[in-house]
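A short write-up of the structure that comes next.
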Amino acid sequence: MKFFVNSDCIGCGLCPSVCPEVFSMTDENVAQAVDAELTGQTAVLAQQAMEQCPVSAIEHS
Ligand code: SF4
């Protein structure tokens, strides 16, 4: 499972706080996801961040 942040991100900072292993904020204050296939607990946490994103800006493959 691979995660992406789309252009709807409003930079609320929630996803890096839920799953810092996968999400971080860029200099433009939007989130970015690591470019890697995720499994196990990391994928579960990333999915939780995705579900909590207030603007549904996180997608996954
Ligand atoms: S939770 Fe959503 S809106 Fe907030 S920083 Fe992450 S991707 Fe952006």
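In the structure tokens, the first chain shown is A, the next is B, and so on; residue numbers restart at 1 for each chain, and ligands run from 1 in the order shown.
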Site check for ligand 1: residues at most 9 Å away, only C-alpha atoms and all ligand atoms, as a PDB file with C-alpha atoms, in the first residue's frame:
ATOM      1  CA  PHE A   4      -0.261  10.088  -1.689  1.00  0.00           C
ATOM      2  CA  VAL A   5      -1.321  13.560  -0.618  1.00  0.00           C
ATOM      3  CA  ASN A   6      -3.356  15.412  -3.224  1.00  0.00           C
ATOM      4  CA  SER A   7      -3.737  19.159  -3.811  1.00  0.00           C
ATOM      5  CA  ASP A   8      -6.722  19.411  -1.440  1.00  0.00           C
ATOM      6  CA  CYS A   9      -4.348  19.411   1.573  1.00  0.00           C
ATOM      7  CA  ILE A  10      -4.924  22.484   3.764  1.00  0.00           C
ATOM      8  CA  GLY A  11      -1.782  21.933   5.847  1.00  0.00           C
ATOM      9  CA  CYS A  12      -3.572  21.196   9.110  1.00  0.00           C
ATOM     10  CA  GLY A  13      -0.676  19.058  10.352  1.00  0.00           C
ATOM     11  CA  LEU A  14      -2.809  16.153  11.514  1.00  0.00           C
ATOM     12  CA  CYS A  15      -1.337  13.359   9.409  1.00  0.00           C
ATOM     13  CA  PRO A  16       2.299  13.852  10.533  1.00  0.00           C
ATOM     14  CA  SER A  17       1.106  13.819  14.143  1.00  0.00           C
ATOM     15  CA  VAL A  18      -0.827  10.565  13.611  1.00  0.00           C
ATOM     16  CA  PHE A  23       3.784  11.929   6.551  1.00  0.00           C
ATOM     17  CA  SER A  24       5.727  15.161   6.895  1.00  0.00           C
ATOM     18  CA  MET A  25       5.152  18.813   6.086  1.00  0.00           C
ATOM     19  CA  ASN A  29       3.192  23.758   4.557  1.00  0.00           C
ATOM     20  CA  VAL A  30       1.399  20.928   2.859  1.00  0.00           C
ATOM     21  CA  ALA A  31       1.790  17.268   3.718  1.00  0.00           C
ATOM     22  CA  GLN A  32       3.795  14.757   1.739  1.00  0.00           C
ATOM     23  CA  ALA A  33       3.927  10.977   2.048  1.00  0.00           C
ATOM     24  CA  ALA A  49      -4.312   9.393   9.221  1.00  0.00           C
ATOM     25  CA  MET A  50      -6.047   9.091   5.856  1.00  0.00           C
ATOM     26  CA  GLU A  51      -9.428   8.530   7.519  1.00  0.00           C
ATOM     27  CA  GLN A  52      -8.929  11.493   9.862  1.00  0.00           C
ATOM     28  CA  CYS A  53      -7.825  13.997   7.223  1.00  0.00           C
ATOM     29  CA  PRO A  54     -10.497  16.748   7.344  1.00  0.00           C
ATOM     30  CA  VAL A  55     -10.448  17.333   3.592  1.00  0.00           C
ATOM     31  CA  SER A  56      -9.858  13.755   2.361  1.00  0.00           C
ATOM     32  CA  ALA A  57      -6.563  14.784   0.782  1.00  0.00           C
ATOM     33  CA  ILE A  58      -4.832  11.449   1.394  1.00  0.00           C
TER      34      ILE A  58
END
Based on DSSP run over this structure's backbone, return all residues of chain A in helix (DSSP H, G or I), as a list of chain:residue names.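 Those residues are A:Leu14, A:Cys15, A:Pro16, A:Ser17, A:Val18, A:Gly40, A:Gln41, A:Thr42, A:Ala43, A:Val44, A:Leu45, A:Ala46, A:Gln47, A:Gln48, A:Ala49, A:Met50, A:Glu51, A:Gln52.
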Filtering to N, CA, C and O atoms, could you give me those residues as a short mmCIF file (atom, residue, chain, number, x, y, z; two decimals), in the first residue's frame?
data_model
loop_
_atom_site.label_atom_id
_atom_site.label_comp_id
_atom_site.auth_asym_id
_atom_site.auth_seq_id
_atom_site.Cartn_x
_atom_site.Cartn_y
_atom_site.Cartn_z
N LEU A 14 -2.31 17.33 10.80
CA LEU A 14 -2.81 16.15 11.51
C LEU A 14 -2.08 14.88 11.11
O LEU A 14 -1.68 14.08 11.97
N CYS A 15 -1.89 14.66 9.83
CA CYS A 15 -1.34 13.36 9.41
C CYS A 15 0.09 13.12 9.92
O CYS A 15 0.38 12.00 10.34
N PRO A 16 0.98 14.13 9.94
CA PRO A 16 2.30 13.85 10.53
C PRO A 16 2.22 13.56 12.03
O PRO A 16 3.07 12.84 12.55
N SER A 17 1.21 14.11 12.72
CA SER A 17 1.11 13.82 14.14
C SER A 17 0.57 12.41 14.37
O SER A 17 0.93 11.75 15.34
N VAL A 18 -0.29 11.93 13.48
CA VAL A 18 -0.83 10.57 13.61
C VAL A 18 0.20 9.53 13.16
O VAL A 18 0.38 8.49 13.79
N GLY A 40 2.01 -3.70 7.31
CA GLY A 40 1.92 -3.86 8.75
C GLY A 40 1.42 -2.63 9.49
O GLY A 40 0.56 -1.90 9.00
N GLN A 41 1.99 -2.42 10.66
CA GLN A 41 1.52 -1.36 11.55
C GLN A 41 1.67 0.02 10.91
O GLN A 41 0.84 0.91 11.13
N THR A 42 2.70 0.21 10.12
CA THR A 42 2.90 1.50 9.48
C THR A 42 1.74 1.80 8.53
O THR A 42 1.22 2.92 8.51
N ALA A 43 1.32 0.81 7.78
CA ALA A 43 0.20 1.00 6.86
C ALA A 43 -1.09 1.26 7.63
O ALA A 43 -1.92 2.08 7.20
N VAL A 44 -1.26 0.59 8.76
CA VAL A 44 -2.46 0.80 9.58
C VAL A 44 -2.52 2.24 10.09
O VAL A 44 -3.55 2.91 10.00
N LEU A 45 -1.39 2.73 10.58
CA LEU A 45 -1.34 4.10 11.09
C LEU A 45 -1.58 5.11 9.97
O LEU A 45 -2.28 6.10 10.14
N ALA A 46 -0.98 4.85 8.82
CA ALA A 46 -1.16 5.75 7.68
C ALA A 46 -2.63 5.78 7.25
O ALA A 46 -3.16 6.83 6.88
N GLN A 47 -3.28 4.63 7.32
CA GLN A 47 -4.71 4.57 6.99
C GLN A 47 -5.55 5.36 7.99
O GLN A 47 -6.52 6.01 7.62
N GLN A 48 -5.14 5.29 9.25
CA GLN A 48 -5.87 6.08 10.27
C GLN A 48 -5.73 7.57 9.97
O GLN A 48 -6.69 8.32 10.07
N ALA A 49 -4.52 7.99 9.58
CA ALA A 49 -4.31 9.39 9.22
C ALA A 49 -5.19 9.75 8.03
O ALA A 49 -5.81 10.82 7.98
N MET A 50 -5.24 8.86 7.05
CA MET A 50 -6.05 9.09 5.86
C MET A 50 -7.52 9.30 6.23
O MET A 50 -8.17 10.23 5.75
N GLU A 51 -8.02 8.44 7.13
CA GLU A 51 -9.43 8.53 7.52
C GLU A 51 -9.72 9.80 8.31
O GLU A 51 -10.84 10.31 8.29
N GLN A 52 -8.71 10.31 9.02
CA GLN A 52 -8.93 11.49 9.86
C GLN A 52 -8.69 12.80 9.13
O GLN A 52 -9.03 13.88 9.64
#
Pick out each residue of chain A that DSSP on the backbone tags as strand (DSSP E or B); I need them as a ChimeraX atom specification. /A:3-5,23-25,31-33,58-60
Store the residues picked out above, limited to N, CA and C atoms, as a PDB file, in the first residue's frame.
ATOM      1  N   PHE A   3       0.877   5.593  -0.204  1.00  0.00           N
ATOM      2  CA  PHE A   3       0.016   6.739   0.090  1.00  0.00           C
ATOM      3  C   PHE A   3       0.474   7.984  -0.670  1.00  0.00           C
ATOM      4  N   PHE A   4      -0.506   8.833  -0.975  1.00  0.00           N
ATOM      5  CA  PHE A   4      -0.261  10.088  -1.689  1.00  0.00           C
ATOM      6  C   PHE A   4      -1.068  11.198  -1.022  1.00  0.00           C
ATOM      7  N   VAL A   5      -0.552  12.397  -1.077  1.00  0.00           N
ATOM      8  CA  VAL A   5      -1.321  13.560  -0.618  1.00  0.00           C
ATOM      9  C   VAL A   5      -1.669  14.377  -1.857  1.00  0.00           C
ATOM     10  N   PHE A  23       4.161  10.578   6.989  1.00  0.00           N
ATOM     11  CA  PHE A  23       3.784  11.929   6.551  1.00  0.00           C
ATOM     12  C   PHE A  23       4.677  12.996   7.182  1.00  0.00           C
ATOM     13  N   SER A  24       4.976  14.002   6.395  1.00  0.00           N
ATOM     14  CA  SER A  24       5.727  15.161   6.895  1.00  0.00           C
ATOM     15  C   SER A  24       5.217  16.391   6.172  1.00  0.00           C
ATOM     16  N   MET A  25       5.585  17.567   6.706  1.00  0.00           N
ATOM     17  CA  MET A  25       5.152  18.813   6.086  1.00  0.00           C
ATOM     18  C   MET A  25       6.285  19.363   5.219  1.00  0.00           C
ATOM     19  N   ALA A  31       1.238  18.566   3.333  1.00  0.00           N
ATOM     20  CA  ALA A  31       1.790  17.268   3.718  1.00  0.00           C
ATOM     21  C   ALA A  31       2.335  16.529   2.500  1.00  0.00           C
ATOM     22  N   GLN A  32       3.305  15.675   2.766  1.00  0.00           N
ATOM     23  CA  GLN A  32       3.795  14.757   1.739  1.00  0.00           C
ATOM     24  C   GLN A  32       3.925  13.382   2.382  1.00  0.00           C
ATOM     25  N   ALA A  33       3.797  12.352   1.561  1.00  0.00           N
ATOM     26  CA  ALA A  33       3.927  10.977   2.048  1.00  0.00           C
ATOM     27  C   ALA A  33       5.206  10.371   1.492  1.00  0.00           C
ATOM     28  N   ILE A  58      -5.761  12.587   1.453  1.00  0.00           N
ATOM     29  CA  ILE A  58      -4.832  11.449   1.394  1.00  0.00           C
ATOM     30  C   ILE A  58      -5.483  10.312   0.619  1.00  0.00           C
ATOM     31  N   GLU A  59      -4.740   9.784  -0.330  1.00  0.00           N
ATOM     32  CA  GLU A  59      -5.215   8.661  -1.143  1.00  0.00           C
ATOM     33  C   GLU A  59      -4.203   7.535  -1.024  1.00  0.00           C
ATOM     34  N   HIS A  60      -4.625   6.336  -1.409  1.00  0.00           N
ATOM     35  CA  HIS A  60      -3.649   5.247  -1.430  1.00  0.00           C
ATOM     36  C   HIS A  60      -3.863   4.364  -2.644  1.00  0.00           C
TER      37      HIS A  60
END
Find the residues around Lys2 of chain A up to 8 Å (only C-alpha atoms counted), leave out those fewer than 4 positions away in its own chain, and share them as a PyMOL selection string. chain A and resi 35-38+60-61
